[in-house]
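Raw contents of target_23.txt, compact mmCIF, C-alpha atoms:
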```txt
# COMPACT_ATOMS: atom_id res chain seq x y z
CA MET A 1 -67.07 46.77 39.05
CA ARG A 2 -68.67 43.32 39.15
CA THR A 3 -69.61 43.68 35.47
CA LEU A 4 -66.00 44.46 34.60
CA MET A 5 -64.76 41.45 36.56
CA ASN A 6 -67.31 39.19 34.90
CA ARG A 7 -66.29 40.45 31.46
CA THR A 8 -62.60 39.91 32.19
CA LEU A 9 -63.28 36.39 33.49
CA ARG A 10 -65.41 35.58 30.44
CA THR A 11 -62.66 36.86 28.13
CA ALA A 12 -60.04 34.79 29.93
CA VAL A 13 -62.15 31.64 29.75
CA ALA A 14 -62.85 32.20 26.06
CA THR A 15 -59.15 32.78 25.29
CA THR A 16 -58.09 29.67 27.19
CA ALA A 17 -60.74 27.61 25.44
CA ALA A 18 -59.69 28.90 22.04
CA PHE A 19 -56.05 28.14 22.83
CA ALA A 20 -56.94 24.63 23.98
CA VAL A 21 -58.95 23.99 20.83
CA ALA A 22 -56.07 25.25 18.70
CA LEU A 23 -53.64 22.96 20.55
CA VAL A 24 -55.83 19.90 20.17
CA ALA A 25 -56.36 20.64 16.48
CA ALA A 26 -52.65 21.09 15.83
CA ALA A 27 -51.60 17.97 17.76
CA PRO A 28 -52.42 15.32 15.13
CA ALA A 29 -50.50 17.23 12.45
CA GLN A 30 -47.44 17.56 14.70
CA ALA A 31 -47.69 13.94 15.80
CA ALA A 32 -47.67 12.86 12.16
CA GLU A 33 -44.62 14.99 11.33
CA ARG A 34 -42.45 14.53 14.38
CA PRO A 35 -41.67 10.78 14.21
CA LEU A 36 -40.63 11.08 10.55
CA ASP A 37 -38.22 13.92 11.29
CA LYS A 38 -36.95 12.13 14.35
CA ALA A 39 -36.39 8.94 12.35
CA LYS A 40 -34.55 10.89 9.68
CA THR A 41 -32.32 12.51 12.28
CA VAL A 42 -31.52 9.17 13.90
CA VAL A 43 -30.74 7.42 10.60
CA THR A 44 -28.67 10.35 9.36
CA ALA A 45 -26.63 10.29 12.57
CA ARG A 46 -26.01 6.55 12.12
CA ILE A 47 -24.92 7.12 8.51
CA ASP A 48 -22.56 9.88 9.66
CA LYS A 49 -21.08 7.49 12.22
CA ARG A 50 -20.33 5.04 9.40
CA LEU A 51 -18.87 7.72 7.17
CA ALA A 52 -16.56 8.79 10.02
CA ALA A 53 -15.54 5.17 10.57
CA LEU A 54 -14.73 4.76 6.86
CA LYS A 55 -12.51 7.82 7.10
CA ARG A 56 -10.66 6.22 10.02
CA PHE A 57 -10.31 2.93 8.12
CA ASP A 58 -8.82 4.87 5.21
CA THR A 59 -6.26 6.42 7.56
CA THR A 60 -5.48 3.00 9.05
CA LEU A 61 -4.97 1.56 5.56
CA GLY A 62 -2.70 4.46 4.62
CA LYS A 63 -0.51 3.87 7.67
CA ALA A 64 -0.30 0.09 7.22
CA GLU A 65 2.87 -0.14 5.14
CA ARG A 66 2.96 -3.91 4.76
CA VAL A 67 -0.44 -4.39 3.12
CA GLN A 68 0.09 -6.13 -0.22
CA SER A 69 -0.70 -3.93 -3.20
CA ALA A 70 -3.61 -6.04 -4.52
CA HIS A 71 -5.21 -6.11 -1.06
CA ARG A 72 -4.65 -2.37 -0.68
CA ALA A 73 -6.35 -1.69 -4.01
CA THR A 74 -9.35 -3.85 -3.06
CA LEU A 75 -9.72 -2.17 0.32
CA ALA A 76 -9.27 1.35 -1.06
CA LYS A 77 -12.01 0.69 -3.63
CA LEU A 78 -14.29 -0.78 -0.96
CA ILE A 79 -13.85 2.29 1.25
CA ASP A 80 -14.44 4.66 -1.69
CA ASP A 81 -17.52 2.76 -2.88
CA GLN A 82 -19.03 2.59 0.60
CA THR A 83 -18.34 6.28 1.23
CA ALA A 84 -20.08 7.17 -2.03
CA GLY A 85 -22.97 4.79 -1.32
CA LEU A 86 -23.58 6.04 2.20
CA THR A 87 -23.32 9.67 1.11
CA ALA A 88 -25.99 9.02 -1.52
CA LEU A 89 -28.12 7.21 1.06
CA ARG A 90 -27.82 10.21 3.40
CA THR A 91 -29.25 12.46 0.69
CA LYS A 92 -32.01 9.93 0.03
CA VAL A 93 -32.96 9.87 3.73
CA ALA A 94 -33.24 13.67 3.79
CA GLY A 95 -35.75 13.53 0.94
CA GLU A 96 -37.95 10.72 2.34
CA THR A 97 -41.59 11.54 3.06
CA THR A 98 -42.70 8.41 4.88
CA ALA A 99 -41.51 6.53 7.94
CA ALA A 100 -41.54 3.29 5.97
CA ALA A 101 -39.07 4.70 3.44
CA VAL A 102 -36.74 5.87 6.22
CA LYS A 103 -36.95 2.43 7.80
CA ALA A 104 -35.98 0.84 4.48
CA ASP A 105 -33.04 3.26 4.21
CA ALA A 106 -31.92 2.28 7.72
CA GLN A 107 -31.97 -1.38 6.73
CA SER A 108 -29.98 -0.60 3.60
CA MET A 109 -27.45 1.34 5.70
CA VAL A 110 -26.81 -1.82 7.72
CA ASN A 111 -27.30 -4.71 5.31
CA ASP A 112 -25.75 -3.26 2.17
CA PHE A 113 -22.58 -2.00 3.87
CA ARG A 114 -21.83 -3.78 7.16
CA VAL A 115 -19.25 -1.11 7.95
CA PHE A 116 -18.62 -2.15 11.54
CA ILE A 117 -18.74 -5.93 11.48
CA LEU A 118 -17.13 -6.40 8.06
CA THR A 119 -15.35 -3.39 6.53
CA GLY A 120 -13.49 -2.54 9.75
CA PRO A 121 -12.25 -6.11 10.31
CA LYS A 122 -11.34 -6.35 6.63
CA VAL A 123 -8.99 -3.37 6.96
CA ARG A 124 -7.51 -4.27 10.35
CA LEU A 125 -7.11 -8.01 9.82
CA THR A 126 -5.67 -7.56 6.33
CA ALA A 127 -3.10 -5.16 7.77
CA ALA A 128 -2.30 -7.61 10.58
CA ILE A 129 -2.04 -10.71 8.38
CA ASP A 130 0.02 -9.06 5.63
CA THR A 131 2.36 -7.71 8.32
CA GLU A 132 2.62 -11.22 9.78
CA LEU A 133 3.65 -12.51 6.36
CA ALA A 134 6.27 -9.75 6.20
CA VAL A 135 7.63 -10.95 9.56
CA VAL A 136 7.74 -14.51 8.24
CA ASP A 137 9.79 -13.26 5.27
CA LYS A 138 12.23 -11.52 7.61
CA LEU A 139 12.65 -14.57 9.84
CA ASP A 140 12.76 -17.01 6.95
CA ASP A 141 16.54 -17.01 6.53
CA ARG A 142 17.43 -16.96 10.20
CA SER A 143 19.15 -20.03 11.54
CA ASP A 144 18.16 -19.22 15.14
CA VAL A 145 14.45 -19.41 14.34
CA ASP A 146 12.37 -22.58 14.44
CA GLN A 147 11.62 -22.90 10.75
CA ALA A 148 8.89 -25.53 11.30
CA LYS A 149 6.92 -23.11 13.46
CA LEU A 150 7.51 -20.37 10.93
CA LYS A 151 6.14 -22.60 8.22
CA SER A 152 3.06 -23.34 10.33
CA VAL A 153 2.40 -19.60 10.58
CA THR A 154 2.65 -19.25 6.80
CA THR A 155 0.27 -22.16 6.28
CA ALA A 156 -2.20 -20.76 8.83
CA VAL A 157 -2.47 -17.26 7.39
CA ASN A 158 -1.83 -17.82 3.70
CA GLY A 159 -4.97 -17.10 1.69
CA GLN A 160 -6.90 -15.80 4.72
CA VAL A 161 -6.94 -12.22 3.42
CA ASP A 162 -8.42 -13.29 0.09
CA LYS A 163 -11.07 -15.24 1.99
CA LEU A 164 -11.79 -12.21 4.19
CA LEU A 165 -12.03 -9.76 1.29
CA ALA A 166 -14.44 -12.09 -0.51
CA ILE A 167 -17.04 -11.90 2.29
CA GLN A 168 -19.96 -9.78 1.17
CA PRO A 169 -22.32 -7.65 3.27
CA GLY A 170 -25.86 -8.91 3.70
CA PRO A 171 -28.81 -9.18 6.05
CA ASP A 172 -27.43 -12.07 8.11
CA GLY A 173 -25.04 -10.40 10.53
CA ASP A 174 -24.37 -13.58 12.51
CA ALA A 175 -23.31 -15.41 9.35
CA ILE A 176 -20.87 -12.60 8.54
CA ARG A 177 -19.42 -12.71 12.06
CA ALA A 178 -19.09 -16.47 11.81
CA GLN A 179 -17.09 -16.11 8.58
CA VAL A 180 -14.81 -13.41 9.99
CA GLN A 181 -14.11 -15.11 13.33
CA PRO A 182 -11.82 -17.97 12.15
CA ILE A 183 -9.75 -15.49 10.16
CA ARG A 184 -9.45 -13.28 13.24
CA GLU A 185 -8.37 -16.31 15.30
CA ALA A 186 -5.79 -17.31 12.69
CA ALA A 187 -4.32 -13.81 12.79
CA ARG A 188 -4.17 -13.81 16.60
CA SER A 189 -2.63 -17.27 16.76
CA ALA A 190 -0.01 -16.33 14.15
CA ARG A 191 0.88 -13.22 16.14
CA THR A 192 1.38 -15.31 19.30
CA THR A 193 3.60 -17.80 17.46
CA LEU A 194 5.66 -15.07 15.84
CA ARG A 195 6.18 -13.38 19.21
CA SER A 196 7.46 -16.68 20.61
CA LEU A 197 9.91 -17.07 17.73
CA LYS A 198 11.52 -13.67 17.91
CA MET B 1 92.28 -19.37 -14.38
CA ARG B 2 90.18 -21.42 -16.80
CA ARG B 3 88.91 -23.46 -13.89
CA ASN B 4 87.92 -20.30 -12.01
CA LEU B 5 86.22 -18.95 -15.11
CA ALA B 6 84.33 -22.22 -15.61
CA VAL B 7 83.18 -22.28 -11.96
CA ALA B 8 82.06 -18.63 -12.13
CA LEU B 9 80.21 -19.29 -15.38
CA ALA B 10 78.51 -22.37 -13.97
CA ALA B 11 77.53 -20.47 -10.83
CA ALA B 12 76.15 -17.61 -12.92
CA VAL B 13 74.11 -20.02 -15.08
CA LEU B 14 72.73 -21.80 -12.03
CA LEU B 15 71.88 -18.53 -10.29
CA THR B 16 70.13 -17.05 -13.33
CA GLY B 17 68.24 -20.26 -14.05
CA GLY B 18 67.12 -20.57 -10.43
CA CYS B 19 65.84 -16.98 -10.26
CA ALA B 20 63.96 -17.34 -13.52
CA ARG B 21 62.38 -20.63 -12.47
CA HIS B 22 60.98 -19.29 -9.18
CA PRO B 23 58.36 -16.85 -10.64
CA ALA B 24 57.39 -19.43 -13.24
CA ALA B 25 56.80 -22.00 -10.53
CA THR B 26 54.70 -19.54 -8.52
CA ASP B 27 52.48 -18.70 -11.51
CA SER B 28 51.95 -22.24 -12.58
CA ALA B 29 51.05 -23.65 -9.17
CA PRO B 30 47.48 -22.73 -8.21
CA THR B 31 47.79 -24.59 -4.95
CA GLN B 32 50.13 -21.88 -3.73
CA ARG B 33 47.51 -19.15 -4.17
CA PRO B 34 45.50 -19.76 -1.05
CA PRO B 35 48.41 -19.05 1.28
CA VAL B 36 48.92 -15.75 -0.57
CA ASP B 37 45.22 -14.91 -0.10
CA ALA B 38 45.08 -16.40 3.34
CA PRO B 39 46.51 -13.48 5.31
CA ALA B 40 43.92 -11.14 3.82
CA SER B 41 40.97 -13.38 4.61
CA PRO B 42 40.78 -13.04 8.40
CA SER B 43 40.09 -9.35 8.15
CA PRO B 44 37.09 -9.61 5.76
CA ARG B 45 35.76 -12.53 7.76
CA GLY B 46 35.96 -10.47 10.88
CA THR B 47 34.18 -7.63 9.14
CA THR B 48 31.51 -10.02 7.85
CA GLY B 49 30.96 -11.27 11.36
CA ALA B 50 30.51 -7.75 12.67
CA SER B 51 28.14 -6.79 9.87
CA ALA B 52 26.20 -10.00 10.40
CA THR B 53 25.73 -9.06 14.03
CA THR B 54 24.64 -5.54 13.05
CA SER B 55 22.34 -6.92 10.39
CA SER B 56 20.84 -9.39 12.85
CA ALA B 57 20.25 -6.61 15.39
CA LYS B 58 18.63 -4.49 12.70
CA SER B 59 16.51 -7.43 11.62
CA ASN B 60 15.42 -7.97 15.24
CA ALA B 61 14.46 -4.32 15.52
CA ASP B 62 12.52 -4.53 12.24
CA VAL B 63 10.71 -7.66 13.37
CA GLY B 64 9.95 -6.07 16.74
CA GLY B 65 8.47 -3.03 15.02
CA LEU B 66 6.34 -5.19 12.73
CA LEU B 67 5.09 -7.27 15.66
CA ASP B 68 4.11 -4.06 17.46
CA GLU B 69 2.23 -3.00 14.33
CA ILE B 70 0.37 -6.35 14.32
CA ASP B 71 -0.49 -5.85 18.00
CA ARG B 72 -1.93 -2.42 17.23
CA GLN B 73 -4.12 -3.78 14.42
CA LEU B 74 -5.38 -6.70 16.48
CA HIS B 75 -5.94 -4.49 19.52
CA GLY B 76 -8.02 -2.16 17.32
CA ASP B 77 -9.96 -5.17 16.13
CA ASP B 78 -10.67 -6.18 19.74
CA GLN B 79 -12.39 -2.87 20.47
CA PRO B 80 -16.19 -2.96 20.51
CA ALA B 81 -17.74 -1.56 17.33
CA GLN B 82 -19.73 1.67 17.57
CA ASP B 83 -22.76 -0.19 16.25
CA GLN B 84 -23.17 -3.92 16.59
CA ASP B 85 -24.37 -4.31 13.03
```
Let me see the file written as structure tokens.
Amino acid sequence: MRTLMNRTLRTAVATTAAFAVALVAAAPAQAAERPLDKAKTVVTARIDKRLAALKRFDTTLGKAERVQSAHRATLAKLIDDQTAGLTALRTKVAGETTAAAVKADAQSMVNDFRVFILTGPKVRLTAAIDTELAVVDKLDDRSDVDQAKLKSVTTAVNGQVDKLLAIQPGPDGDAIRAQVQPIREAARSARTTLRSLK
Amino acid sequence: MRRNLAVALAAAVLLTGGCARHPAATDSAPTQRPPVDAPASPSPRGTTGASATTSSAKSNADVGGLLDEIDRQLHGDDQPAQDQD
């Protein structure tokens, strides 16, 4: 009886030890693989978020009836190019074999596209400013509207869309925000003035 | 009898000449045209006034719609981005 118990105990200890050794041996391999896969998953999710945003911007552009045709063409091409670029980057991320390569892809996803701080504002502010210019056109011949104020709106927003569309993505996010901000403020100020004129 | 005939003839000549002169005078005097047109003008003017009011109301509605559209775009722009980069 005691012999049987001893044998069972010895077998259990040996099995546990073997399992522990196997675990310890497998750990470095898993540790090396897991961060890469995790990084790929994270970067892919961020790319998908940008692709979804581009789809929304495309819808916004389609609904904005007053966007001037040249601006519309520029924005449509930008959205198409960025969608193609990010889709290609997504495939590239899936094939990466090192964490450094995935990190470089993540930087490219941000710096080469600037979907959220530049493409989005480009679409929305272009739609707003071109619509403001359409309002100016409608109020232009009205005798009950302060024409001096109307002219100030035209002066404030004229050429702002071209300036906005000329801003290029890059590594300096603060510089991009600084270039977009005065255009955003001009659009907001014009909206306030137009509301007061109506 | 001759006197009566002469008076009748003179009256006939005067009457015919007067009737013939009246249309000629009307055609050759442009200054008389406005009074002819004048009665018709109040009606179109009234119509123009009404359509101007309608057009102005429509223009106001158009402008209001466009301003709402601008508000939507700028409101969308105010929303925080999904990623801050």
Where does chain A meet chain B within 7 Å, residue by residue, with the nearest atom pair and distance in Å to one decimal for each, counting only C-alpha atoms, listed by chain and rising number, as a Markdown table?
```
| residue | atom | partner | partner_atom | distance |
| --- | --- | --- | --- | --- |
| A:Val110 | CA | B:Asp85 | CA | 6.4 |
| A:Arg114 | CA | B:Asp85 | CA | 6.4 |
| A:Phe116 | CA | B:Ala81 | CA | 5.9 |
| A:Ile117 | CA | B:Asp85 | CA | 6.1 |
| A:Pro121 | CA | B:Asp77 | CA | 6.3 |
| A:Arg124 | CA | B:Gln73 | CA | 5.3 |
| A:Leu125 | CA | B:Gln73 | CA | 6.9 |
| A:Ala127 | CA | B:Gln73 | CA | 6.9 |
| A:Ala128 | CA | B:Ile70 | CA | 4.8 |
| A:Thr131 | CA | B:Leu66 | CA | 6.5 |
| A:Val135 | CA | B:Val63 | CA | 5.9 |
| A:Gly173 | CA | B:Asp85 | CA | 6.6 |
```
Quick one: write out the picked residues with C-alpha atoms as a PDB file, in the coordinates of the input?
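Result saved to again.pdb:
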```pdb
ATOM      1  CA  VAL A 110     -26.810  -1.820   7.720  1.00  0.00           C
ATOM      2  CA  ARG A 114     -21.830  -3.780   7.160  1.00  0.00           C
ATOM      3  CA  PHE A 116     -18.620  -2.150  11.540  1.00  0.00           C
ATOM      4  CA  ILE A 117     -18.740  -5.930  11.480  1.00  0.00           C
ATOM      5  CA  PRO A 121     -12.250  -6.110  10.310  1.00  0.00           C
ATOM      6  CA  ARG A 124      -7.510  -4.270  10.350  1.00  0.00           C
ATOM      7  CA  LEU A 125      -7.110  -8.010   9.820  1.00  0.00           C
ATOM      8  CA  ALA A 127      -3.100  -5.160   7.770  1.00  0.00           C
ATOM      9  CA  ALA A 128      -2.300  -7.610  10.580  1.00  0.00           C
ATOM     10  CA  THR A 131       2.360  -7.710   8.320  1.00  0.00           C
ATOM     11  CA  VAL A 135       7.630 -10.950   9.560  1.00  0.00           C
ATOM     12  CA  GLY A 173     -25.040 -10.400  10.530  1.00  0.00           C
TER      13      GLY A 173
END
```
* Can you list, as JSON, numbers by chain, every protein, DNA or RNA residue that comes within 12 Å of Ala190 (chain A) when you count all atoms listed in the file, leaving out same-chain residues fewer than 3 positions away? -> {"A": [125, 128, 129, 130, 131, 132, 133, 135, 136, 149, 150, 151, 152, 153, 154, 155, 156, 157, 158, 160, 183, 184, 185, 186, 187, 193, 194, 195, 196, 197], "B": [67, 70, 71, 74]}
Ile167 (chain A) environment, 10 Å, all atoms listed in the file, sequence neighbours closer than 5 positions dropped, as a CSV table (one decimal) with C-alpha atoms, in the coordinates of the input:
```
chain,number,residue,atom,x,y,z
A,118,LEU,CA,-17.1,-6.4,8.1
A,119,THR,CA,-15.4,-3.4,6.5
A,122,LYS,CA,-11.3,-6.4,6.6
A,162,ASP,CA,-8.4,-13.3,0.1
A,176,ILE,CA,-20.9,-12.6,8.5
A,179,GLN,CA,-17.1,-16.1,8.6
A,180,VAL,CA,-14.8,-13.4,10.0
```
* CA of Asp112 (chain A) and CA of Pro169 (chain A) are how many Å apart? ->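 A separation of 5.7 Å between them.
Our summary of the geometry notes that CA of Val123 (chain A) is positioned 11.4 Å from CA of Ala73 (chain A).
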Could you complete region 58-75 of chain A so that it carries N, CA and C atoms, and give it back as a short mmCIF file (atom, residue, chain, number, x, y, z; two decimals), in the frame of the given file?
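Dumped to selection00.cif:
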```cif
data_model
loop_
_atom_site.label_atom_id
_atom_site.label_comp_id
_atom_site.auth_asym_id
_atom_site.auth_seq_id
_atom_site.Cartn_x
_atom_site.Cartn_y
_atom_site.Cartn_z
N ASP A 58 -9.69 4.39 6.30
CA ASP A 58 -8.82 4.87 5.21
C ASP A 58 -7.46 5.30 5.77
N THR A 59 -7.51 5.99 6.91
CA THR A 59 -6.26 6.42 7.56
C THR A 59 -5.45 5.19 8.00
N THR A 60 -6.15 4.23 8.60
CA THR A 60 -5.48 3.00 9.05
C THR A 60 -4.80 2.31 7.87
N LEU A 61 -5.53 2.22 6.76
CA LEU A 61 -4.97 1.56 5.56
C LEU A 61 -3.75 2.32 5.05
N GLY A 62 -3.82 3.64 5.08
CA GLY A 62 -2.70 4.46 4.62
C GLY A 62 -1.45 4.26 5.47
N LYS A 63 -1.66 4.03 6.77
CA LYS A 63 -0.51 3.87 7.67
C LYS A 63 0.06 2.45 7.65
N ALA A 64 -0.74 1.50 7.21
CA ALA A 64 -0.30 0.09 7.22
C ALA A 64 0.60 -0.16 6.01
N GLU A 65 1.91 -0.09 6.25
CA GLU A 65 2.87 -0.14 5.14
C GLU A 65 3.02 -1.51 4.52
N ARG A 66 2.68 -2.56 5.26
CA ARG A 66 2.96 -3.91 4.76
C ARG A 66 1.79 -4.55 4.03
N VAL A 67 0.71 -3.82 3.85
CA VAL A 67 -0.44 -4.39 3.12
C VAL A 67 -0.03 -4.60 1.66
N GLN A 68 -0.28 -5.81 1.16
CA GLN A 68 0.09 -6.13 -0.22
C GLN A 68 -0.73 -5.28 -1.19
N SER A 69 -0.10 -4.93 -2.31
CA SER A 69 -0.70 -3.93 -3.20
C SER A 69 -2.09 -4.33 -3.71
N ALA A 70 -2.29 -5.61 -4.03
CA ALA A 70 -3.61 -6.04 -4.52
C ALA A 70 -4.67 -5.89 -3.42
N HIS A 71 -4.28 -6.24 -2.20
CA HIS A 71 -5.21 -6.11 -1.06
C HIS A 71 -5.51 -4.62 -0.80
N ARG A 72 -4.47 -3.82 -0.90
CA ARG A 72 -4.65 -2.37 -0.68
C ARG A 72 -5.63 -1.79 -1.69
N ALA A 73 -5.47 -2.21 -2.95
CA ALA A 73 -6.35 -1.69 -4.01
C ALA A 73 -7.80 -2.09 -3.75
N THR A 74 -7.99 -3.36 -3.35
CA THR A 74 -9.35 -3.85 -3.06
C THR A 74 -9.97 -3.06 -1.91
N LEU A 75 -9.19 -2.87 -0.85
CA LEU A 75 -9.72 -2.17 0.32
C LEU A 75 -9.99 -0.69 0.03
#
```
